[in-house]
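The structure under discussion appears below in the form of structure tokens.
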Number of protein chains: 2
Amino acid sequence: MSLTIVGTIAFDSVKTPFGEVDRVIGGAATFTAWAASYLYNHIRLVSIIGDDWPSSELQKMHTRGIDLEGVKIVEEGKSFFWAGEYDKNMIDRTTLTTELNVLDDFDPVLPPLYRNSDFLMLGNLTPQIQIRVMEQMNDRPGFIAMDTMNFWIDIARDDLEEAIRRVDLLSINDEEARLLSGKYNLVEAAENILNMGVRYLIIKKGEHGALLFGENKMFFAPALPLSSITDPTGAGDSFAGGLMGYLASQSSVDFQTMKKGLIYGAVMGSFCVEDFSLRKLQELDKEIIENRANELMELSRVD
Amino acid sequence: MSLTIVGTIAFDSVKTPFGEVDRVIGGAATFTAWAASYLYNHIRLVSIIGDDWPSSELQKMHTRGIDLEGVKIVEEGKSFFWAGEYDKNMIDRTTLTTELNVLDDFDPVLPPLYRNSDFLMLGNLTPQIQIRVMEQMNDRPGFIAMDTMNFWIDIARDDLEEAIRRVDLLSINDEEARLLSGKYNLVEAAENILNMGVRYLIIKKGEHGALLFGENKMFFAPALPLSSITDPTGAGDSFAGGLMGYLASQSSVDFQTMKKGLIYGAVMGSFCVEDFSLRKLQELDKEIIENRANELMELSRVD
């Protein structure tokens, strides 16, 4: 069994009302892989970086058992760089800089071993790349999840809809769900998107939790109310990591495992936002995670 | 045992993206009493109306067992009137008209029988009126809840804080909690407000659910995702009715009963928003309510 994660590795500069950091490690695949690594051991990463990326960070991932054969290191290349600033509500953010750098030429070629993966997480990339990754698989993975963003909904809708038809799970936020479906109401949006041919849909509502739709059922995973939120960057990617790590650790995926997967997703997202960059995600252990998962499952339980 | 509800009865004119209604019945106490009436039988209402108020609506409440001795009818008086328009998100709203009319002179005098009430719900009125109602009680009710609004936080903070110290439960929305506490983070806001001397605090987040704080515990009641929301007017008041009706039906109030009370609050709020005015709230029955309560308790349950 194995989980292959395809996505970006980046440097981030982030300013929030609670502080700022400059050129720290970030990127969707980084957050996703770290979050998943606490729940599952056979993780493979597909990404691209420049040789400005700190080898110590690659070493840390390697030590956690994350396979890095799929991470292409471009000599004399510069890693993807994103800079942004968050509003007081910690939701709205302004992008100050986006330097694609090596990401501009990213066309992932999966190492032969990766072409047999049971679980595949396609991070937010062009829908064409997401499709090309799926086409490199020898057998269709048992479970494929994908993320996307407003930009691709706007400019690459046909490709995006094709990608959506090919995966098992689409995980997007509320604004993306509204844009993709043309429906403001999230229940209507979900119905519309499921009709595009995807088995499960997760609509992430940030600090307001996440909704799961599929099998004609609905589930809501609350977000844990936190007394301190430092930096929301990577929360959605950590959510994806917790979810996919948990699913990959199970023998099969059904609505019940999906529900618990959302809980682990919410848990990993909640850790992520407690500090800048990967700081919190790099210092967790199984017990801390299980305690918080239990806390979250109790939060809305009524007997 | 009895539940006394003090608050406004009004005519509302409401426009939402889904339609509009002109001079329909509304008012916090109306929504609260109707919602509570499905969960508890001994309800007494304290309010003021003009003789323009339809007697058929008073008759309907009377038929439901709501005692109206405390509703003062001002001859040749005009009932409180509010007109507003909701934004597409069904949260932000613009008040177009507020005519206090008879409410301007509202200084409730409780009928003698009402002065022994086990449960007391103080709707959003001036904090001084809320205090004067409490002072008319022969014995302190076993459980007192109050609502308030931004306006009183801004202009009558001292009186408001005194009222808060005297009640068991303060039920407000997220923006009010932030304004009252000076804290943006809701966990910090809750800590601050509980330190004012109230036993329980509910922070309503509209379509994102409601948080309960107290006894060093936290509970989150999700809102049921609805495919159709017609008019949010009265949702918070219906929430209060479901909550207080459930609590009054129980032999004692502790964190466990409060949790279930929030579920019934969320349920009654969810019915309220499905149609304009009291239309939906007036046609419910116990079975429909229990089914939705079970649905809501299942929504976030993970075994």
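A note on labels: chains of the structure tokens are A, B, ... as shown, every chain counts residues from 1, and ligands are counted from 1 in their shown order.
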Go through chain B residue by residue and, counting only C-alpha atoms, keep those with an atom at most 10 Å from chain A; for each kept residue give the shortest atom pair and its distance in Å to one decimal, ordered by chain and increasing number, as a Markdown table.
```
| residue | atom | partner | partner_atom | distance |
| --- | --- | --- | --- | --- |
| B:Lys88 | CA | A:Tyr184 | CA | 8.4 |
| B:Asn89 | CA | A:Tyr184 | CA | 8.0 |
| B:Tyr184 | CA | A:Asn89 | CA | 8.0 |
| B:Asn185 | CA | A:Ser227 | CA | 6.5 |
| B:Leu186 | CA | A:Ser227 | CA | 7.4 |
| B:Val187 | CA | A:Ser227 | CA | 5.0 |
| B:Glu188 | CA | A:Ser227 | CA | 5.8 |
| B:Ala189 | CA | A:Ser227 | CA | 9.1 |
| B:Ala190 | CA | A:Ser227 | CA | 9.8 |
| B:Glu191 | CA | A:Ser227 | CA | 9.6 |
| B:Lys205 | CA | A:His208 | CA | 9.0 |
| B:Glu207 | CA | A:His208 | CA | 9.5 |
| B:His208 | CA | A:His208 | CA | 6.0 |
| B:Gly209 | CA | A:His208 | CA | 8.3 |
| B:Leu211 | CA | A:Pro225 | CA | 9.0 |
| B:Lys217 | CA | A:Leu299 | CA | 9.4 |
| B:Met218 | CA | A:Leu299 | CA | 6.9 |
| B:Phe219 | CA | A:Leu299 | CA | 5.1 |
| B:Phe220 | CA | A:Ser300 | CA | 5.0 |
| B:Ala221 | CA | A:Ser300 | CA | 5.8 |
| B:Pro222 | CA | A:Ser300 | CA | 7.4 |
| B:Ala223 | CA | A:Phe220 | CA | 9.4 |
| B:Leu224 | CA | A:Phe220 | CA | 9.0 |
| B:Pro225 | CA | A:Val187 | CA | 6.5 |
| B:Leu226 | CA | A:Val187 | CA | 6.4 |
| B:Ser227 | CA | A:Val187 | CA | 5.0 |
| B:Ser228 | CA | A:Asn185 | CA | 7.5 |
| B:Ile229 | CA | A:Asn185 | CA | 8.4 |
| B:Gln256 | CA | A:Val302 | CA | 7.8 |
| B:Thr257 | CA | A:Val302 | CA | 9.5 |
| B:Lys259 | CA | A:Val302 | CA | 6.7 |
| B:Lys260 | CA | A:Val302 | CA | 6.5 |
| B:Ile263 | CA | A:Val302 | CA | 8.5 |
| B:Asn294 | CA | A:Val302 | CA | 9.9 |
| B:Leu296 | CA | A:Phe220 | CA | 9.7 |
| B:Met297 | CA | A:Val302 | CA | 6.4 |
| B:Glu298 | CA | A:Phe219 | CA | 8.2 |
| B:Leu299 | CA | A:Phe219 | CA | 5.1 |
| B:Ser300 | CA | A:Phe220 | CA | 5.0 |
| B:Arg301 | CA | A:Arg301 | CA | 6.2 |
| B:Val302 | CA | A:Met297 | CA | 6.4 |
| B:Asp303 | CA | A:Gln256 | CA | 8.4 |
```
Kindly assemble as CSV a list of the region 110-194 of chain A residues that lie within 9 Å of region 1-10 of chain A, each paired with its nearest atom pair and their distance in Å to one decimal, using only C-alpha atoms, sorted first by chain and then by ascending residue number.
```
residue,atom,partner,partner_atom,distance
A:Tyr114,CA,A:Thr4,CA,7.0
A:Asn116,CA,A:Ser2,CA,8.2
A:Ser117,CA,A:Ser2,CA,5.3
A:Asp118,CA,A:Ser2,CA,5.5
A:Phe119,CA,A:Leu3,CA,4.5
A:Leu120,CA,A:Thr4,CA,4.9
A:Met121,CA,A:Ile5,CA,4.7
A:Leu122,CA,A:Val6,CA,5.1
A:Gly123,CA,A:Gly7,CA,4.6
A:Asn124,CA,A:Gly7,CA,6.6
A:Leu125,CA,A:Gly7,CA,6.8
A:Gln130,CA,A:Val6,CA,8.5
A:Val133,CA,A:Val6,CA,8.4
```
(message) Can you tell me which residues surround Lys204 (chain A) at a distance of at most 8 Å, considering only C-alpha atoms, apart from same-chain residues fewer than 3 positions away, and format the answer as a PyMOL selection string?
(response) chain A and resi 171-174+209-211+236
Give me the residues of region 213-244 of chain B that have any atom at most 9 Å from an atom of region 198-202 of chain B; for each, the nearest atom pair and the distance in Å, rounded to one decimal. Use only C-alpha atoms, sort by chain and number, and format it as a Markdown table.
```
| residue | atom | partner | partner_atom | distance |
| --- | --- | --- | --- | --- |
| B:Phe213 | CA | B:Leu201 | CA | 5.2 |
| B:Gly214 | CA | B:Tyr200 | CA | 4.6 |
| B:Glu215 | CA | B:Arg199 | CA | 7.4 |
```
Based on the selection just made, write C-alpha atoms of those residues as a PDB file, in the first residue's frame.
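This is the output file out_9.pdb:
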```
ATOM      1  CA  PHE B 213     -19.067  27.734  26.915  1.00  0.00           C
ATOM      2  CA  GLY B 214     -19.335  27.109  30.665  1.00  0.00           C
ATOM      3  CA  GLU B 215     -18.193  24.789  33.465  1.00  0.00           C
TER       4      GLU B 215
END
```
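Here CA of Ala83 (chain B) and CA of Val14 (chain B) stand 5.7 Å from one another.
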Give me the residues within 8 Å of Ile48 (chain A) as an mmCIF file with N, CA and C atoms, in the first residue's frame, counting only C-alpha atoms and dropping any in the same chain fewer than 5 places off.
```cif
data_model
loop_
_atom_site.group_PDB
_atom_site.id
_atom_site.type_symbol
_atom_site.label_atom_id
_atom_site.label_comp_id
_atom_site.auth_asym_id
_atom_site.auth_seq_id
_atom_site.Cartn_x
_atom_site.Cartn_y
_atom_site.Cartn_z
ATOM 1 N N THR A 8 3.004 21.242 -4.795
ATOM 2 C CA THR A 8 4.088 22.220 -4.764
ATOM 3 C C THR A 8 4.896 22.135 -3.468
ATOM 4 N N ILE A 9 6.166 22.489 -3.615
ATOM 5 C CA ILE A 9 7.017 22.774 -2.457
ATOM 6 C C ILE A 9 7.486 24.209 -2.671
ATOM 7 N N VAL A 71 10.795 13.924 -6.159
ATOM 8 C CA VAL A 71 11.027 15.369 -6.057
ATOM 9 C C VAL A 71 12.206 15.749 -6.948
ATOM 10 N N LYS A 72 11.913 16.472 -7.994
ATOM 11 C CA LYS A 72 12.950 16.873 -8.940
ATOM 12 C C LYS A 72 13.667 18.123 -8.422
ATOM 13 N N ILE A 73 14.994 18.043 -8.346
ATOM 14 C CA ILE A 73 15.773 19.193 -7.892
ATOM 15 C C ILE A 73 16.471 19.816 -9.100
ATOM 16 N N VAL A 74 16.105 21.036 -9.416
ATOM 17 C CA VAL A 74 16.651 21.707 -10.594
ATOM 18 C C VAL A 74 17.920 22.462 -10.187
ATOM 19 N N SER A 79 13.379 27.833 -6.177
ATOM 20 C CA SER A 79 12.109 27.214 -5.769
ATOM 21 C C SER A 79 10.967 28.217 -5.882
ATOM 22 N N VAL A 102 10.936 27.415 -10.733
ATOM 23 C CA VAL A 102 11.017 26.064 -11.321
ATOM 24 C C VAL A 102 9.634 25.443 -11.560
ATOM 25 N N LEU A 103 8.627 25.928 -10.844
ATOM 26 C CA LEU A 103 7.275 25.374 -10.993
ATOM 27 C C LEU A 103 6.716 25.636 -12.397
ATOM 28 N N PHE A 106 7.021 22.647 -14.472
ATOM 29 C CA PHE A 106 6.725 21.395 -13.775
ATOM 30 C C PHE A 106 5.816 20.518 -14.619
#
```
